[in-house]
Amino acid sequence: MSPPLSSPPLSSPPLSLPLTLADVYRARQRLAGRVALTPLVPSPSLSARMGAPVYLKLETVQPTGSFKLRGATNAIAQLAEQGATRVVTASTGNHGRALAYAARALGIEAAVCMSALVPRNKVDAVAALGARVVIAGKSQDEAQLAARSLVRDEGYAFVPPFDDLRVIAGQATIGLEILEALPDAATLIVPLSGGGLFGGVAFAAKQIRPSISTVGVSMVRGAAMHASLAAGHPVDVEERETLADSLGGGIGLENRHTFALTRLLADDVVLLDEASIARGIAHAYREERLVVEGAGAVGMGALLEGRIQNIAHADGPIVVVVSGANIDMTVHRRIVTEDQYAS
Ligand SMILES: *Cc1c(COP(=O)(O)O)cnc(C)c1O
């Protein structure tokens, strides 16, 4: 699990994007020693079900329990090089936790603005990492405004959760790791919210292996990217409570990068209802022995519900990005002990 820092392939497909594969390799160098090279493990039970090898890319083992440490570390490392001493973000939890951890590791201050809807466990986790926590309003937009005022009034540098090339390049290192461990990967299943994860992973994967299929998975309740793709431009959707709370929030009406990336790179976007997300969480626990949060379980949920059959290349390996572990354990216990979610 220690791939060499190889250079990018010479012939990349001509995507006119503000991101290059070289940016992703540079991100990986910044991440070395700061984030985990996560395991890519076979899932015998999902492989049997799909009739093709299925692998799980376990971002659940990152020190902050999600992949968001990659993008935050890549962005903050660059800001620190440029002399920044304090960073801020507005976050539904995992990005804030990642920012707090990465800032502390790089020796700079962090502030995290969150809406009052963010689950208690996520708020506590950010505070425990030494960040200043600012609870502002009842929506991601209001938290965003609070962060903006810290930038304006107190000299903080803003680190967005997804719509930022440094963040996208950081998340894209997952794609490098997958293709290095499994060069013949045929289908990638990736949780999709703002699109930093999907856009980064799909970008790196398709640069290296243009024939690979990429599928984004969101929840039915408040899938802003899906609605935006359907409309042809970024649109707002109502924020609703969901088991996949890390997939909540809009993509930003002024979206600069992730909407275009997702539109260009997604071969399909699948939406899951709450029962299917719960089924993914329960499967992860019972069959894979993994504690996975709702957002992290949507890929497994999509496979279990037979939603990928038409998209997956029948002959090649399927890789599911299991993006995070940070679930409220009371909710988790309820789901894994309910018989209705048997896989
Ligand atoms: C943030 C997050 C996602 C979605 O990432 P985007 O870049 O916003 O699409 C998926 N899973 C988990 C666990 C997350 O924290």
# chains A, B, ... in the order shown; residues from 1 in each chain; ligands from 1

call {"tool": "residues_near_ligand", "arguments": {"ligand": "ligand 1", "cutoff": "6 Å", "atoms": "only C-alpha atoms and all ligand atoms", "output": "VMD selection string"}}
result
chain A and resid 66 94 162 191 to 198 246 to 247 295 to 296 323 to 324

call {"tool": "write_last_selection", "arguments": {"atoms": "N, CA, C and O atoms", "output": "PDB file, in the first residue's frame"}}
result
ATOM      1  N   SER A  66     -13.119  10.717   7.798  1.00  0.00           N
ATOM      2  CA  SER A  66     -13.629  10.908   6.435  1.00  0.00           C
ATOM      3  C   SER A  66     -12.518  11.377   5.508  1.00  0.00           C
ATOM      4  O   SER A  66     -11.475  11.865   5.966  1.00  0.00           O
ATOM      5  N   ASN A  94     -17.934  17.144   8.640  1.00  0.00           N
ATOM      6  CA  ASN A  94     -16.691  16.445   8.312  1.00  0.00           C
ATOM      7  C   ASN A  94     -15.609  17.360   7.752  1.00  0.00           C
ATOM      8  O   ASN A  94     -14.430  17.151   8.013  1.00  0.00           O
ATOM      9  N   PHE A 162     -15.920  22.175  -0.846  1.00  0.00           N
ATOM     10  CA  PHE A 162     -15.813  21.379  -2.090  1.00  0.00           C
ATOM     11  C   PHE A 162     -15.456  22.197  -3.325  1.00  0.00           C
ATOM     12  O   PHE A 162     -14.707  21.725  -4.173  1.00  0.00           O
ATOM     13  N   PRO A 191     -19.978   8.695  -3.477  1.00  0.00           N
ATOM     14  CA  PRO A 191     -20.991   9.575  -2.884  1.00  0.00           C
ATOM     15  C   PRO A 191     -20.876  10.982  -3.475  1.00  0.00           C
ATOM     16  O   PRO A 191     -19.769  11.460  -3.739  1.00  0.00           O
ATOM     17  N   LEU A 192     -22.025  11.636  -3.651  1.00  0.00           N
ATOM     18  CA  LEU A 192     -22.050  12.934  -4.348  1.00  0.00           C
ATOM     19  C   LEU A 192     -22.907  13.939  -3.592  1.00  0.00           C
ATOM     20  O   LEU A 192     -24.096  13.724  -3.372  1.00  0.00           O
ATOM     21  N   SER A 193     -22.274  15.038  -3.186  1.00  0.00           N
ATOM     22  CA  SER A 193     -23.024  16.165  -2.619  1.00  0.00           C
ATOM     23  C   SER A 193     -22.605  17.413  -3.371  1.00  0.00           C
ATOM     24  O   SER A 193     -23.099  17.694  -4.461  1.00  0.00           O
ATOM     25  N   GLY A 194     -21.655  18.173  -2.824  1.00  0.00           N
ATOM     26  CA  GLY A 194     -21.161  19.346  -3.546  1.00  0.00           C
ATOM     27  C   GLY A 194     -20.326  18.983  -4.762  1.00  0.00           C
ATOM     28  O   GLY A 194     -20.151  19.797  -5.666  1.00  0.00           O
ATOM     29  N   GLY A 195     -19.786  17.779  -4.776  1.00  0.00           N
ATOM     30  CA  GLY A 195     -19.076  17.293  -5.948  1.00  0.00           C
ATOM     31  C   GLY A 195     -17.562  17.412  -5.874  1.00  0.00           C
ATOM     32  O   GLY A 195     -16.879  17.105  -6.856  1.00  0.00           O
ATOM     33  N   GLY A 196     -17.013  17.822  -4.738  1.00  0.00           N
ATOM     34  CA  GLY A 196     -15.555  17.863  -4.610  1.00  0.00           C
ATOM     35  C   GLY A 196     -14.962  16.466  -4.637  1.00  0.00           C
ATOM     36  O   GLY A 196     -13.955  16.210  -5.300  1.00  0.00           O
ATOM     37  N   LEU A 197     -15.609  15.553  -3.937  1.00  0.00           N
ATOM     38  CA  LEU A 197     -15.160  14.162  -3.910  1.00  0.00           C
ATOM     39  C   LEU A 197     -15.361  13.511  -5.273  1.00  0.00           C
ATOM     40  O   LEU A 197     -14.419  13.005  -5.882  1.00  0.00           O
ATOM     41  N   PHE A 198     -16.584  13.558  -5.764  1.00  0.00           N
ATOM     42  CA  PHE A 198     -16.872  12.928  -7.053  1.00  0.00           C
ATOM     43  C   PHE A 198     -16.024  13.551  -8.167  1.00  0.00           C
ATOM     44  O   PHE A 198     -15.404  12.847  -8.970  1.00  0.00           O
ATOM     45  N   SER A 246     -24.140  14.095   5.796  1.00  0.00           N
ATOM     46  CA  SER A 246     -22.936  14.698   5.193  1.00  0.00           C
ATOM     47  C   SER A 246     -23.115  15.007   3.709  1.00  0.00           C
ATOM     48  O   SER A 246     -22.250  15.625   3.096  1.00  0.00           O
ATOM     49  N   LEU A 247     -24.221  14.552   3.125  1.00  0.00           N
ATOM     50  CA  LEU A 247     -24.508  14.892   1.725  1.00  0.00           C
ATOM     51  C   LEU A 247     -25.475  16.064   1.622  1.00  0.00           C
ATOM     52  O   LEU A 247     -25.890  16.440   0.526  1.00  0.00           O
ATOM     53  N   ALA A 295     -23.794   8.915   4.550  1.00  0.00           N
ATOM     54  CA  ALA A 295     -23.176   9.396   3.305  1.00  0.00           C
ATOM     55  C   ALA A 295     -22.154   8.403   2.777  1.00  0.00           C
ATOM     56  O   ALA A 295     -21.975   8.264   1.562  1.00  0.00           O
ATOM     57  N   GLY A 296     -21.491   7.715   3.695  1.00  0.00           N
ATOM     58  CA  GLY A 296     -20.450   6.774   3.288  1.00  0.00           C
ATOM     59  C   GLY A 296     -21.013   5.456   2.797  1.00  0.00           C
ATOM     60  O   GLY A 296     -20.320   4.692   2.116  1.00  0.00           O
ATOM     61  N   SER A 323     -16.973   6.782   2.142  1.00  0.00           N
ATOM     62  CA  SER A 323     -16.363   8.099   2.352  1.00  0.00           C
ATOM     63  C   SER A 323     -16.204   8.523   3.799  1.00  0.00           C
ATOM     64  O   SER A 323     -15.401   9.412   4.089  1.00  0.00           O
ATOM     65  N   GLY A 324     -16.977   7.929   4.733  1.00  0.00           N
ATOM     66  CA  GLY A 324     -16.853   8.398   6.106  1.00  0.00           C
ATOM     67  C   GLY A 324     -17.508   7.495   7.137  1.00  0.00           C
ATOM     68  O   GLY A 324     -18.365   6.664   6.819  1.00  0.00           O
TER      69      GLY A 324
END

call {"tool": "residues_around", "arguments": {"residues": "Gln171 in chain A", "least_positions_apart": "2", "cutoff": "8 Å", "atoms": "only C-alpha atoms", "output": "ChimeraX atom specification"}}
result
/A:67-68,70-71,167-169,173-175,196-197,200-201

call {"tool": "select_by_dssp", "arguments": {"residues": "range 12-203 of chain A", "states": "strand (DSSP E)", "output": "ChimeraX atom specification"}}
result
/A:40-42,54-58,86-90,109-114,132-135,157-158,187-191

call {"tool": "write_last_selection", "arguments": {"atoms": "C-alpha atoms", "output": "compact mmCIF listing (two decimals), in the first residue's frame"}}
result
# COMPACT_ATOMS: atom_id res chain seq x y z
CA LEU A 40 -8.86 -1.03 -0.81
CA VAL A 41 -10.50 -4.24 0.37
CA PRO A 42 -12.50 -6.86 -1.53
CA VAL A 54 -16.36 -5.38 -5.74
CA TYR A 55 -13.79 -3.45 -3.70
CA LEU A 56 -14.33 -0.91 -0.94
CA LYS A 57 -12.04 2.13 -0.64
CA LEU A 58 -12.09 2.79 3.09
CA ARG A 86 -5.67 31.34 10.42
CA VAL A 87 -8.24 29.50 8.33
CA VAL A 88 -12.03 29.32 8.49
CA THR A 89 -14.79 27.32 6.90
CA ALA A 90 -18.53 26.73 7.09
CA GLU A 109 -5.48 28.50 13.85
CA ALA A 110 -8.86 27.26 12.63
CA ALA A 111 -12.42 28.53 13.03
CA VAL A 112 -15.47 26.52 11.93
CA CYS A 113 -18.94 28.02 11.36
CA MET A 114 -21.89 25.60 11.45
CA ARG A 132 -13.03 27.87 17.42
CA VAL A 133 -16.68 26.82 16.78
CA VAL A 134 -19.21 29.43 15.65
CA ILE A 135 -22.88 28.29 15.56
CA ALA A 157 -8.37 32.59 4.90
CA PHE A 158 -11.48 30.76 3.69
CA THR A 187 -16.65 1.23 -12.50
CA LEU A 188 -16.36 3.75 -9.66
CA ILE A 189 -19.25 4.42 -7.29
CA VAL A 190 -18.79 7.70 -5.39
CA PRO A 191 -20.99 9.58 -2.88

call {"tool": "residues_around", "arguments": {"residues": "Glu274 in chain A", "least_positions_apart": "4", "cutoff": "12 Å", "atoms": "only C-alpha atoms", "output": "PDB file with N, CA, C and O atoms, in the first residue's frame"}}
result
ATOM      1  N   SER A 218     -26.392  10.107  -4.509  1.00  0.00           N
ATOM      2  CA  SER A 218     -26.897  11.085  -3.541  1.00  0.00           C
ATOM      3  C   SER A 218     -28.170  10.539  -2.909  1.00  0.00           C
ATOM      4  O   SER A 218     -28.652   9.471  -3.292  1.00  0.00           O
ATOM      5  N   MET A 219     -28.726  11.268  -1.955  1.00  0.00           N
ATOM      6  CA  MET A 219     -29.986  10.857  -1.353  1.00  0.00           C
ATOM      7  C   MET A 219     -31.136  11.585  -2.053  1.00  0.00           C
ATOM      8  O   MET A 219     -30.959  12.674  -2.593  1.00  0.00           O
ATOM      9  N   VAL A 220     -32.303  10.951  -2.034  1.00  0.00           N
ATOM     10  CA  VAL A 220     -33.487  11.587  -2.623  1.00  0.00           C
ATOM     11  C   VAL A 220     -33.774  12.919  -1.932  1.00  0.00           C
ATOM     12  O   VAL A 220     -34.095  13.917  -2.595  1.00  0.00           O
ATOM     13  N   ARG A 221     -33.614  12.941  -0.606  1.00  0.00           N
ATOM     14  CA  ARG A 221     -33.960  14.123   0.185  1.00  0.00           C
ATOM     15  C   ARG A 221     -32.927  15.235   0.072  1.00  0.00           C
ATOM     16  O   ARG A 221     -31.987  15.308   0.858  1.00  0.00           O
ATOM     17  N   GLY A 222     -33.085  16.102  -0.905  1.00  0.00           N
ATOM     18  CA  GLY A 222     -32.231  17.284  -0.988  1.00  0.00           C
ATOM     19  C   GLY A 222     -30.982  17.091  -1.824  1.00  0.00           C
ATOM     20  O   GLY A 222     -29.902  17.527  -1.439  1.00  0.00           O
ATOM     21  N   ARG A 240     -33.238  19.034   3.820  1.00  0.00           N
ATOM     22  CA  ARG A 240     -34.093  18.145   4.611  1.00  0.00           C
ATOM     23  C   ARG A 240     -33.241  17.202   5.424  1.00  0.00           C
ATOM     24  O   ARG A 240     -32.109  16.907   5.058  1.00  0.00           O
ATOM     25  N   GLU A 241     -33.837  16.728   6.518  1.00  0.00           N
ATOM     26  CA  GLU A 241     -33.099  15.781   7.343  1.00  0.00           C
ATOM     27  C   GLU A 241     -32.939  14.463   6.605  1.00  0.00           C
ATOM     28  O   GLU A 241     -33.866  13.999   5.939  1.00  0.00           O
ATOM     29  N   THR A 242     -31.774  13.875   6.702  1.00  0.00           N
ATOM     30  CA  THR A 242     -31.521  12.596   6.038  1.00  0.00           C
ATOM     31  C   THR A 242     -30.470  11.827   6.811  1.00  0.00           C
ATOM     32  O   THR A 242     -29.644  12.411   7.506  1.00  0.00           O
ATOM     33  N   LEU A 243     -30.498  10.504   6.666  1.00  0.00           N
ATOM     34  CA  LEU A 243     -29.449   9.669   7.262  1.00  0.00           C
ATOM     35  C   LEU A 243     -28.086   9.999   6.660  1.00  0.00           C
ATOM     36  O   LEU A 243     -27.065   9.819   7.297  1.00  0.00           O
ATOM     37  N   ALA A 244     -28.105  10.480   5.416  1.00  0.00           N
ATOM     38  CA  ALA A 244     -26.848  10.863   4.750  1.00  0.00           C
ATOM     39  C   ALA A 244     -26.594  12.348   4.996  1.00  0.00           C
ATOM     40  O   ALA A 244     -26.446  13.137   4.057  1.00  0.00           O
ATOM     41  N   ASP A 245     -26.523  12.742   6.278  1.00  0.00           N
ATOM     42  CA  ASP A 245     -26.455  14.185   6.581  1.00  0.00           C
ATOM     43  C   ASP A 245     -25.207  14.842   5.986  1.00  0.00           C
ATOM     44  O   ASP A 245     -25.237  16.032   5.668  1.00  0.00           O
ATOM     45  N   ALA A 278     -30.146   3.217   4.862  1.00  0.00           N
ATOM     46  CA  ALA A 278     -30.085   2.405   6.082  1.00  0.00           C
ATOM     47  C   ALA A 278     -29.605   0.989   5.762  1.00  0.00           C
ATOM     48  O   ALA A 278     -28.824   0.390   6.500  1.00  0.00           O
ATOM     49  N   ARG A 279     -30.057   0.476   4.642  1.00  0.00           N
ATOM     50  CA  ARG A 279     -29.642  -0.865   4.227  1.00  0.00           C
ATOM     51  C   ARG A 279     -28.133  -0.910   3.976  1.00  0.00           C
ATOM     52  O   ARG A 279     -27.458  -1.890   4.312  1.00  0.00           O
ATOM     53  N   GLY A 280     -27.592   0.157   3.404  1.00  0.00           N
ATOM     54  CA  GLY A 280     -26.145   0.246   3.198  1.00  0.00           C
ATOM     55  C   GLY A 280     -25.393   0.264   4.519  1.00  0.00           C
ATOM     56  O   GLY A 280     -24.372  -0.422   4.682  1.00  0.00           O
ATOM     57  N   ILE A 281     -25.893   1.034   5.476  1.00  0.00           N
ATOM     58  CA  ILE A 281     -25.257   1.117   6.805  1.00  0.00           C
ATOM     59  C   ILE A 281     -25.284  -0.251   7.486  1.00  0.00           C
ATOM     60  O   ILE A 281     -24.286  -0.707   8.051  1.00  0.00           O
ATOM     61  N   GLY A 294     -24.172   7.452   6.994  1.00  0.00           N
ATOM     62  CA  GLY A 294     -25.104   7.360   5.869  1.00  0.00           C
ATOM     63  C   GLY A 294     -24.481   7.767   4.541  1.00  0.00           C
ATOM     64  O   GLY A 294     -24.600   7.061   3.534  1.00  0.00           O
ATOM     65  N   ALA A 295     -23.794   8.915   4.550  1.00  0.00           N
ATOM     66  CA  ALA A 295     -23.176   9.396   3.305  1.00  0.00           C
ATOM     67  C   ALA A 295     -22.154   8.403   2.777  1.00  0.00           C
ATOM     68  O   ALA A 295     -21.975   8.264   1.562  1.00  0.00           O
ATOM     69  N   ALA A 297     -22.264   5.190   3.138  1.00  0.00           N
ATOM     70  CA  ALA A 297     -22.877   3.890   2.832  1.00  0.00           C
ATOM     71  C   ALA A 297     -23.718   3.907   1.565  1.00  0.00           C
ATOM     72  O   ALA A 297     -24.244   2.872   1.157  1.00  0.00           O
ATOM     73  N   VAL A 298     -23.850   5.072   0.923  1.00  0.00           N
ATOM     74  CA  VAL A 298     -24.765   5.141  -0.233  1.00  0.00           C
ATOM     75  C   VAL A 298     -24.298   4.278  -1.402  1.00  0.00           C
ATOM     76  O   VAL A 298     -25.124   3.742  -2.149  1.00  0.00           O
ATOM     77  N   GLY A 301     -25.360   0.862  -0.588  1.00  0.00           N
ATOM     78  CA  GLY A 301     -26.822   0.851  -0.701  1.00  0.00           C
ATOM     79  C   GLY A 301     -27.262   0.757  -2.158  1.00  0.00           C
ATOM     80  O   GLY A 301     -28.183   0.003  -2.500  1.00  0.00           O
ATOM     81  N   ALA A 302     -26.589   1.490  -3.029  1.00  0.00           N
ATOM     82  CA  ALA A 302     -26.951   1.485  -4.454  1.00  0.00           C
ATOM     83  C   ALA A 302     -26.715   0.102  -5.061  1.00  0.00           C
ATOM     84  O   ALA A 302     -27.536  -0.383  -5.856  1.00  0.00           O
ATOM     85  N   ILE A 335     -30.288   1.355  13.599  1.00  0.00           N
ATOM     86  CA  ILE A 335     -30.343   0.819  12.233  1.00  0.00           C
ATOM     87  C   ILE A 335     -29.832  -0.625  12.165  1.00  0.00           C
ATOM     88  O   ILE A 335     -30.460  -1.481  11.535  1.00  0.00           O
ATOM     89  N   TYR A 341     -33.729  -4.009   7.706  1.00  0.00           N
ATOM     90  CA  TYR A 341     -32.607  -3.623   6.836  1.00  0.00           C
ATOM     91  C   TYR A 341     -31.675  -4.794   6.541  1.00  0.00           C
ATOM     92  O   TYR A 341     -30.560  -4.588   6.103  1.00  0.00           O
TER      93      TYR A 341
END

call {"tool": "residues_around", "arguments": {"residues": "Arg28 in chain A", "least_positions_apart": "2", "cutoff": "9 Å", "atoms": "only C-alpha atoms", "output": "PyMOL selection string"}}
result
chain A and resi 5+23-26+30-32+70+74+169-170+172-173+176

call {"tool": "write_last_selection", "arguments": {"atoms": "N, CA and C atoms", "output": "compact mmCIF listing (two decimals), in the first residue's frame"}}
result
# COMPACT_ATOMS: atom_id res chain seq x y z
N LEU A 5 5.70 7.74 -6.04
CA LEU A 5 5.25 9.04 -6.52
C LEU A 5 5.55 9.13 -8.01
N ASP A 23 -1.47 18.53 -10.84
CA ASP A 23 -1.94 19.13 -9.58
C ASP A 23 -2.26 18.03 -8.55
N VAL A 24 -2.80 16.94 -9.06
CA VAL A 24 -3.19 15.85 -8.16
C VAL A 24 -1.94 15.14 -7.62
N TYR A 25 -0.94 14.96 -8.46
CA TYR A 25 0.31 14.36 -7.97
C TYR A 25 0.99 15.29 -6.96
N ARG A 26 0.94 16.60 -7.21
CA ARG A 26 1.52 17.53 -6.23
C ARG A 26 0.74 17.48 -4.91
N ARG A 30 1.99 16.71 -0.93
CA ARG A 30 1.67 17.49 0.28
C ARG A 30 0.99 16.62 1.34
N LEU A 31 0.24 15.64 0.88
CA LEU A 31 -0.52 14.79 1.81
C LEU A 31 0.33 13.69 2.45
N ALA A 32 1.48 13.40 1.84
CA ALA A 32 2.29 12.28 2.31
C ALA A 32 2.65 12.45 3.78
N ARG A 70 -8.18 15.01 3.16
CA ARG A 70 -7.30 15.14 1.99
C ARG A 70 -7.38 16.55 1.41
N ASN A 74 -4.53 19.59 1.68
CA ASN A 74 -3.91 20.15 0.47
C ASN A 74 -4.09 21.66 0.42
N ALA A 169 -8.35 18.75 -5.82
CA ALA A 169 -7.11 18.02 -6.11
C ALA A 169 -6.76 17.08 -4.95
N GLY A 170 -7.04 17.53 -3.72
CA GLY A 170 -6.79 16.67 -2.56
C GLY A 170 -7.68 15.44 -2.59
N ALA A 172 -8.98 14.14 -5.11
CA ALA A 172 -8.64 13.36 -6.31
C ALA A 172 -7.54 12.34 -6.04
N THR A 173 -6.76 12.54 -4.97
CA THR A 173 -5.70 11.55 -4.68
C THR A 173 -6.30 10.18 -4.39
N LEU A 176 -6.13 8.39 -7.65
CA LEU A 176 -4.78 7.86 -7.92
C LEU A 176 -4.57 6.56 -7.19

call {"tool": "closest_residue", "arguments": {"among": "A:Ala136, A:Met225, A:Ala48, A:Leu21", "to": "Lys206 in chain A", "atoms": "only C-alpha atoms"}}
result
A:Leu21
